[in-house]
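Take a look at the structure below.
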Number of protein chains: 2
Amino acid sequence: MTTLGVFDSGFGGLTVLRALLPQLPGARFLYLGDTARLPYGAKSQATIARYAVESARFLESQGSQHLVIACNTATALALDDIRAAVTIPVTGVIEPVVAMSNKNFPAADTLILATNATVESHSYRDHCLRAGLHPTEKACPLLVPLIEEGWIDHPVTREVLRIYLAEALELCSPLLVILGCTHYPLIAPLVKETLLALGCDAAVVDSAEVTAQAVAAQVKRDLTPTSSTAPASFACYATDSVEKFRRLGSHFLGQPIPAVNLLDLGG
Amino acid sequence: MTTLGVFDSGFGGLTVLRALLPQLPGARFLYLGDTARLPYGAKSQATIARYAVESARFLESQGSQHLVIACNTATALALDDIRAAVTIPVTGVIEPVVAMSNKNFPAADTLILATNATVESHSYRDHCLRAGLHPTEKACPLLVPLIEEGWIDHPVTREVLRIYLAEALELCSPLLVILGCTHYPLIAPLVKETLLALGCDAAVVDSAEVTAQAVAAQVKRDLTPTSSTAPASFACYATDSVEKFRRLGSHFLGQPIPAVNLLDLGG
């Protein structure tokens, strides 16, 4: 059976798992949310790399044959460290999104919405520049707390988005808007609406969906294909607050999470 | 020289240090923000207690004669563990506020605004009930991110406060509103205004100010009084992102922070 590890600092990466499940029937997914140490967004590169490497090693030790870093901050700040620390292929959420964006919209003006830490790493900007896209980055630090409050289709979230997007559109006229945080797929329709209301008809790219497609393609190429038609299965690990993970995580996964295993990574 | 340790998960507790400085001329303050592991708000009791005890021991080892837990979450969830782990007196932010509140407004209906973790601990509720106050707790998880975004006097913050306070005022008619988070003093005027706009003339209690008064009174009673008229001095330690601590912390302290020492608590 094909086993994949999926890692995030919290439960946001469950939007990536949600996109992966229908892509790989019969596969087994191990999802690890390092909730005791979230959010990674405000921490330094060295700290994030140390945390992410510990989690990656755990998922490899549990039999994962491919690792998905379903966390924009960890991808931006720790992908090289993770690749050096494990022996299995590792896919982050940035490279597939940038590759697909440039394939469909070559050299396009591109707006990247992300957390403070992802923006400050300039990892999206650098990948976009190397691919030939013209990037503008916009930090949106209030969106994660608003989504975690459950204010998904809420006047306050609309107003915060309007403020952030209006500020960004003063700096660029994008053809493409990348949702550079795994929480953001939950407000993708609101982002599209708000862009239209501001006179911008850019395509909105969901990094969870694009990453899942890239991972599925690589796994089907690299690993023994299973001819299973059984649905993919998953097991969840969290380093803290399994009850909160179960409750909030279900919204991100789009289905109930029956059980969460508590894991002590010792930090 | 009298040395006091002040501990918080981040820089919010600098509002307590700000209130302490003028109360104890000549004293030396050691402030530790455990920024590598913030926010404590979403973590479990066991994790928070472990983190807080490590920080408390560090401050004691550096010569602190009195320890102030300038963090509502750590006070609510770890005060007993901290007291058991050190040999110096420890003051949290909850007991002084509840004692003062009941002295000035005996048996009053009291509304407590706090983070999710503080509310879920019900520590304020239990202390209020024991003192004879009639408490209602209201979790306000978006206020910390809004304050850290710098949206102090901002229409979105006003609207979020209006929503939270209107929900709370459906449940109670308080004479007293306790700001049960060390970030909230920065929006104290906005809380008062919003309450008035909703027809509530409750007194707003700043837990930072009240805690500082209680600590100063106890220190003057317990320790050799210094007759110094020199201003109090302070040194800051953070477990991550000293630059962010310096930049954001200055708003909370109300004065520039010249230097921050990076501290590794190993986790």
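Just so we're on the same page: first chain in the structure tokens is A, next is B, and so on; residues restart at 1 for each chain, and ligands are numbered from 1 in the order they show up.
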Test item: chain A residues at most 6 Å from chain B, counting only C-alpha atoms, as a list in words: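 Filtering chain A at 6 Å from chain B with only C-alpha atoms gives Ala36, Arg37, Ser44, Ser241 and Gly267 of chain A.
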Export of prior selection with N, CA and C atoms as a compact mmCIF listing (two decimals), in the first residue's frame:
```txt
# COMPACT_ATOMS: atom_id res chain seq x y z
N ALA A 36 1.36 21.89 18.98
CA ALA A 36 1.94 22.40 20.24
C ALA A 36 2.82 23.61 19.96
N ARG A 37 3.30 23.71 18.71
CA ARG A 37 4.28 24.76 18.44
C ARG A 37 3.80 25.73 17.38
N SER A 44 11.47 32.21 13.93
CA SER A 44 12.65 32.40 13.08
C SER A 44 12.91 31.18 12.20
N SER A 241 -3.62 19.41 22.03
CA SER A 241 -5.04 19.74 21.86
C SER A 241 -5.74 18.90 20.80
N GLY A 267 9.05 19.18 22.57
CA GLY A 267 9.47 20.58 22.51
C GLY A 267 8.37 21.47 22.99
```
Skip Val90 (chain A) itself and residues of its chain fewer than 3 positions away, then list as a PDB file with N, CA, C and O atoms, in the first residue's frame all residues within 8 Å of it, counting only C-alpha atoms.
```
ATOM      1  N   HIS A  66       6.522   9.174   0.576  1.00  0.00           N
ATOM      2  CA  HIS A  66       6.574  10.498  -0.055  1.00  0.00           C
ATOM      3  C   HIS A  66       6.072  11.474   1.005  1.00  0.00           C
ATOM      4  O   HIS A  66       5.165  11.167   1.762  1.00  0.00           O
ATOM      5  N   LEU A  67       6.694  12.655   1.035  1.00  0.00           N
ATOM      6  CA  LEU A  67       6.343  13.615   2.074  1.00  0.00           C
ATOM      7  C   LEU A  67       5.822  14.902   1.428  1.00  0.00           C
ATOM      8  O   LEU A  67       6.455  15.433   0.512  1.00  0.00           O
ATOM      9  N   VAL A  68       4.673  15.367   1.917  1.00  0.00           N
ATOM     10  CA  VAL A  68       4.096  16.619   1.432  1.00  0.00           C
ATOM     11  C   VAL A  68       4.173  17.649   2.553  1.00  0.00           C
ATOM     12  O   VAL A  68       3.644  17.428   3.641  1.00  0.00           O
ATOM     13  N   ILE A  69       4.889  18.759   2.298  1.00  0.00           N
ATOM     14  CA  ILE A  69       4.950  19.826   3.300  1.00  0.00           C
ATOM     15  C   ILE A  69       3.786  20.765   3.018  1.00  0.00           C
ATOM     16  O   ILE A  69       3.870  21.677   2.195  1.00  0.00           O
ATOM     17  N   ILE A  82      14.572  19.977   5.297  1.00  0.00           N
ATOM     18  CA  ILE A  82      13.780  18.746   5.354  1.00  0.00           C
ATOM     19  C   ILE A  82      14.316  17.747   4.328  1.00  0.00           C
ATOM     20  O   ILE A  82      14.512  16.566   4.636  1.00  0.00           O
ATOM     21  N   ARG A  83      14.565  18.222   3.107  1.00  0.00           N
ATOM     22  CA  ARG A  83      15.071  17.313   2.061  1.00  0.00           C
ATOM     23  C   ARG A  83      16.404  16.691   2.472  1.00  0.00           C
ATOM     24  O   ARG A  83      16.677  15.530   2.176  1.00  0.00           O
TER      25      ARG A  83
END
```
Atomic distance CA of Glu95 (chain A) - CA of Ser9 (chain A), expressed in Å with one decimal: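 Taking CA of Glu95 (chain A) and CA of Ser9 (chain A), their separation equals 18.9 Å.
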In region 208-260 of chain B, DSSP strand (DSSP E) residues written as a list in words: Ser233, Phe234, Ala235, Cys236, Tyr237, Ala238 and Val260 of chain B
Sel. of alpha helix (DSSP H) residues, region 78-196 of chain B, as number ranges by chain: B: 78-85, 95-104, 116-121, 123-131, 143-148, 155-169, 188-196
Spatial neighbours of region 174-180 of chain A, max dist 7 Å, only C-alpha atoms, sep filter under 3 positions, as a PyMOL selection string: chain A and resi 72+108-114+184+202-207
Nearest to Leu59 (chain B), chosen from B:Ala208, B:Cys236, B:Leu186, B:Ala74, with only C-alpha atoms counted in the distances: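 Closest candidate: B:Cys236.
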Polymer residues at most 12 Å from Val6 (chain A), only C-alpha atoms, same-chain spacing of 6 or more positions, as a tab-separated table (two decimals) with N, CA, C and O atoms, in the first residue's frame:
```
chain	number	residue	atom	x	y	z
A	12	GLY	N	-4.35	23.69	9.03
A	12	GLY	CA	-4.54	24.31	7.72
A	12	GLY	C	-4.19	23.36	6.59
A	12	GLY	O	-4.88	23.31	5.56
A	13	GLY	N	-3.14	22.56	6.78
A	13	GLY	CA	-2.70	21.63	5.75
A	13	GLY	C	-3.73	20.55	5.43
A	13	GLY	O	-3.59	19.83	4.44
A	14	LEU	N	-4.77	20.44	6.27
A	14	LEU	CA	-5.85	19.51	5.96
A	14	LEU	C	-6.56	19.88	4.66
A	14	LEU	O	-7.19	19.03	4.03
A	15	THR	N	-6.46	21.15	4.22
A	15	THR	CA	-7.02	21.50	2.90
A	15	THR	C	-6.23	20.81	1.79
A	15	THR	O	-6.79	20.50	0.74
A	16	VAL	N	-4.94	20.57	2.03
A	16	VAL	CA	-4.13	19.84	1.05
A	16	VAL	C	-4.49	18.35	1.09
A	16	VAL	O	-4.66	17.72	0.04
A	17	LEU	N	-4.63	17.80	2.31
A	17	LEU	CA	-5.05	16.40	2.43
A	17	LEU	C	-6.42	16.20	1.77
A	17	LEU	O	-6.63	15.21	1.05
A	18	ARG	N	-7.32	17.14	1.99
A	18	ARG	CA	-8.64	17.08	1.37
A	18	ARG	C	-8.55	16.98	-0.15
A	18	ARG	O	-9.28	16.22	-0.79
A	19	ALA	N	-7.62	17.75	-0.72
A	19	ALA	CA	-7.44	17.73	-2.18
A	19	ALA	C	-6.73	16.46	-2.62
A	19	ALA	O	-6.94	15.98	-3.75
A	20	LEU	N	-5.89	15.88	-1.75
A	20	LEU	CA	-5.14	14.67	-2.10
A	20	LEU	C	-6.01	13.41	-2.11
A	20	LEU	O	-5.82	12.52	-2.95
A	21	LEU	N	-6.94	13.29	-1.15
A	21	LEU	CA	-7.69	12.05	-0.95
A	21	LEU	C	-8.32	11.52	-2.25
A	21	LEU	O	-8.13	10.34	-2.59
A	28	ARG	N	-2.70	5.45	1.69
A	28	ARG	CA	-2.85	5.69	3.13
A	28	ARG	C	-2.09	6.97	3.46
A	28	ARG	O	-0.92	7.12	3.08
A	29	PHE	N	-2.75	7.92	4.11
A	29	PHE	CA	-2.13	9.20	4.45
A	29	PHE	C	-1.92	9.31	5.96
A	29	PHE	O	-2.82	8.99	6.74
A	30	LEU	N	-0.72	9.76	6.34
A	30	LEU	CA	-0.44	10.08	7.74
A	30	LEU	C	-0.30	11.59	7.83
A	30	LEU	O	0.60	12.17	7.20
A	31	TYR	N	-1.20	12.24	8.56
A	31	TYR	CA	-1.17	13.70	8.66
A	31	TYR	C	-0.66	14.09	10.05
A	31	TYR	O	-1.18	13.63	11.06
A	32	LEU	N	0.36	14.94	10.08
A	32	LEU	CA	0.89	15.42	11.36
A	32	LEU	C	0.75	16.94	11.46
A	32	LEU	O	1.30	17.69	10.65
A	33	GLY	N	0.00	17.39	12.45
A	33	GLY	CA	-0.13	18.82	12.76
A	33	GLY	C	0.65	19.12	14.02
A	33	GLY	O	0.33	18.60	15.09
A	34	ASP	N	1.69	19.96	13.89
A	34	ASP	CA	2.55	20.26	15.05
A	34	ASP	C	1.92	21.36	15.88
A	34	ASP	O	2.48	22.43	16.10
A	52	ALA	N	10.29	21.47	11.83
A	52	ALA	CA	9.82	20.79	10.63
A	52	ALA	C	10.61	19.50	10.39
A	52	ALA	O	10.05	18.47	9.99
A	55	SER	N	9.37	16.70	12.64
A	55	SER	CA	8.10	16.16	12.16
A	55	SER	C	8.30	15.30	10.92
A	55	SER	O	7.69	14.22	10.78
A	56	ALA	N	9.17	15.76	10.01
A	56	ALA	CA	9.42	15.00	8.78
A	56	ALA	C	10.02	13.64	9.12
A	56	ALA	O	9.64	12.61	8.54
A	57	ARG	N	10.96	13.63	10.06
A	57	ARG	CA	11.59	12.35	10.45
A	57	ARG	C	10.56	11.40	11.05
A	57	ARG	O	10.61	10.19	10.82
A	58	PHE	N	9.64	11.94	11.85
A	58	PHE	CA	8.60	11.08	12.43
A	58	PHE	C	7.77	10.43	11.32
A	58	PHE	O	7.54	9.22	11.34
A	59	LEU	N	7.36	11.22	10.34
A	59	LEU	CA	6.51	10.68	9.27
A	59	LEU	C	7.26	9.65	8.44
A	59	LEU	O	6.68	8.64	8.02
A	60	GLU	N	8.56	9.88	8.22
A	60	GLU	CA	9.35	8.87	7.50
A	60	GLU	C	9.43	7.58	8.33
A	60	GLU	O	9.28	6.48	7.81
A	62	GLN	N	7.36	6.34	10.22
A	62	GLN	CA	6.09	5.63	10.23
A	62	GLN	C	5.77	5.00	8.87
A	62	GLN	O	4.64	4.58	8.63
A	64	SER	N	6.21	6.47	5.66
A	64	SER	CA	5.85	7.32	4.51
A	64	SER	C	6.86	7.13	3.38
A	64	SER	O	8.07	7.08	3.61
A	65	GLN	N	6.34	7.05	2.15
A	65	GLN	CA	7.21	6.89	0.97
A	65	GLN	C	7.34	8.21	0.21
A	65	GLN	O	8.14	8.32	-0.72
A	66	HIS	N	6.52	9.17	0.58
A	66	HIS	CA	6.57	10.50	-0.05
A	66	HIS	C	6.07	11.47	1.00
A	66	HIS	O	5.17	11.17	1.76
A	67	LEU	N	6.69	12.66	1.03
A	67	LEU	CA	6.34	13.61	2.07
A	67	LEU	C	5.82	14.90	1.43
A	67	LEU	O	6.45	15.43	0.51
A	68	VAL	N	4.67	15.37	1.92
A	68	VAL	CA	4.10	16.62	1.43
A	68	VAL	C	4.17	17.65	2.55
A	68	VAL	O	3.64	17.43	3.64
A	69	ILE	N	4.89	18.76	2.30
A	69	ILE	CA	4.95	19.83	3.30
A	69	ILE	C	3.79	20.76	3.02
A	69	ILE	O	3.87	21.68	2.20
A	70	ALA	N	2.67	20.53	3.71
A	70	ALA	CA	1.42	21.24	3.43
A	70	ALA	C	1.33	22.52	4.25
A	70	ALA	O	0.30	22.84	4.82
A	71	CYS	N	2.41	23.25	4.27
A	71	CYS	CA	2.54	24.43	5.13
A	71	CYS	C	3.42	25.40	4.37
A	71	CYS	O	4.58	25.09	4.07
A	90	VAL	N	10.29	14.80	-1.30
A	90	VAL	CA	9.56	15.81	-0.53
A	90	VAL	C	8.99	16.85	-1.48
A	90	VAL	O	9.71	17.40	-2.32
A	91	THR	N	7.68	17.09	-1.39
A	91	THR	CA	7.04	18.14	-2.20
A	91	THR	C	6.53	19.24	-1.27
A	91	THR	O	5.81	18.95	-0.32
A	92	GLY	N	6.90	20.47	-1.56
A	92	GLY	CA	6.36	21.60	-0.81
A	92	GLY	C	5.20	22.22	-1.56
A	92	GLY	O	4.84	21.77	-2.65
A	93	VAL	N	4.59	23.28	-0.98
A	93	VAL	CA	3.42	23.87	-1.62
A	93	VAL	C	3.77	25.02	-2.56
A	93	VAL	O	2.88	25.61	-3.16
A	208	ALA	N	-3.49	24.51	-2.39
A	208	ALA	CA	-3.77	23.15	-1.90
A	208	ALA	C	-4.11	22.23	-3.08
A	208	ALA	O	-3.56	21.13	-3.21
A	211	THR	N	-1.03	21.71	-5.48
A	211	THR	CA	-0.03	20.84	-4.87
A	211	THR	C	-0.48	19.38	-4.91
A	211	THR	O	0.30	18.47	-5.22
A	212	ALA	N	-1.76	19.14	-4.60
A	212	ALA	CA	-2.29	17.77	-4.59
A	212	ALA	C	-2.16	17.14	-5.97
A	212	ALA	O	-1.78	15.97	-6.09
A	215	VAL	N	1.56	16.24	-6.57
A	215	VAL	CA	1.98	15.09	-5.76
A	215	VAL	C	1.42	13.80	-6.36
A	215	VAL	O	2.13	12.80	-6.53
A	234	PHE	N	-6.89	7.82	6.03
A	234	PHE	CA	-5.96	8.75	6.68
A	234	PHE	C	-5.96	8.55	8.18
A	234	PHE	O	-6.95	8.10	8.77
A	235	ALA	N	-4.81	8.85	8.80
A	235	ALA	CA	-4.69	8.88	10.26
A	235	ALA	C	-4.07	10.23	10.62
A	235	ALA	O	-3.18	10.72	9.92
A	236	CYS	N	-4.55	10.83	11.69
A	236	CYS	CA	-4.07	12.16	12.08
A	236	CYS	C	-3.29	12.11	13.39
A	236	CYS	O	-3.70	11.45	14.35
A	237	TYR	N	-2.18	12.83	13.43
A	237	TYR	CA	-1.39	13.03	14.64
A	237	TYR	C	-1.33	14.52	14.94
A	237	TYR	O	-1.17	15.33	14.02
A	238	ALA	N	-1.43	14.88	16.22
A	238	ALA	CA	-1.25	16.28	16.62
A	238	ALA	C	-0.37	16.31	17.86
A	238	ALA	O	-0.39	15.37	18.66
```
Pick from B:His154, B:Arg221, B:His183, B:Lys138 nearest to Phe11 (chain B), counting only C-alpha atoms: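 Closest to Phe11 (chain B), using only C-alpha atoms: B:His183.
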Interatomic distance, CA of Phe7 (chain B) to CA of Thr73 (chain B) (Å, one decimal): 11.5 Å
Residue contacts of Pro25 (chain A) (12 Å, only C-alpha atoms) excluding same-chain residues fewer than 6 positions away, as a list in words: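 Here the qualifying residues turn out to be Met1, Thr2, Thr3, Ala19, Ala216, Val219, Lys220, Pro225, Thr226, Ser227, Ser228, Thr229, Ala230, Pro231, Ala232, Ser233 and Phe234 of chain A.
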Selected residue of minimal separation from Val210 (chain A) among A:Val97, A:Cys172, A:Leu195, A:Ile187, counting only C-alpha atoms: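 Answer, going by the shortest atom-to-atom distance: A:Val97.
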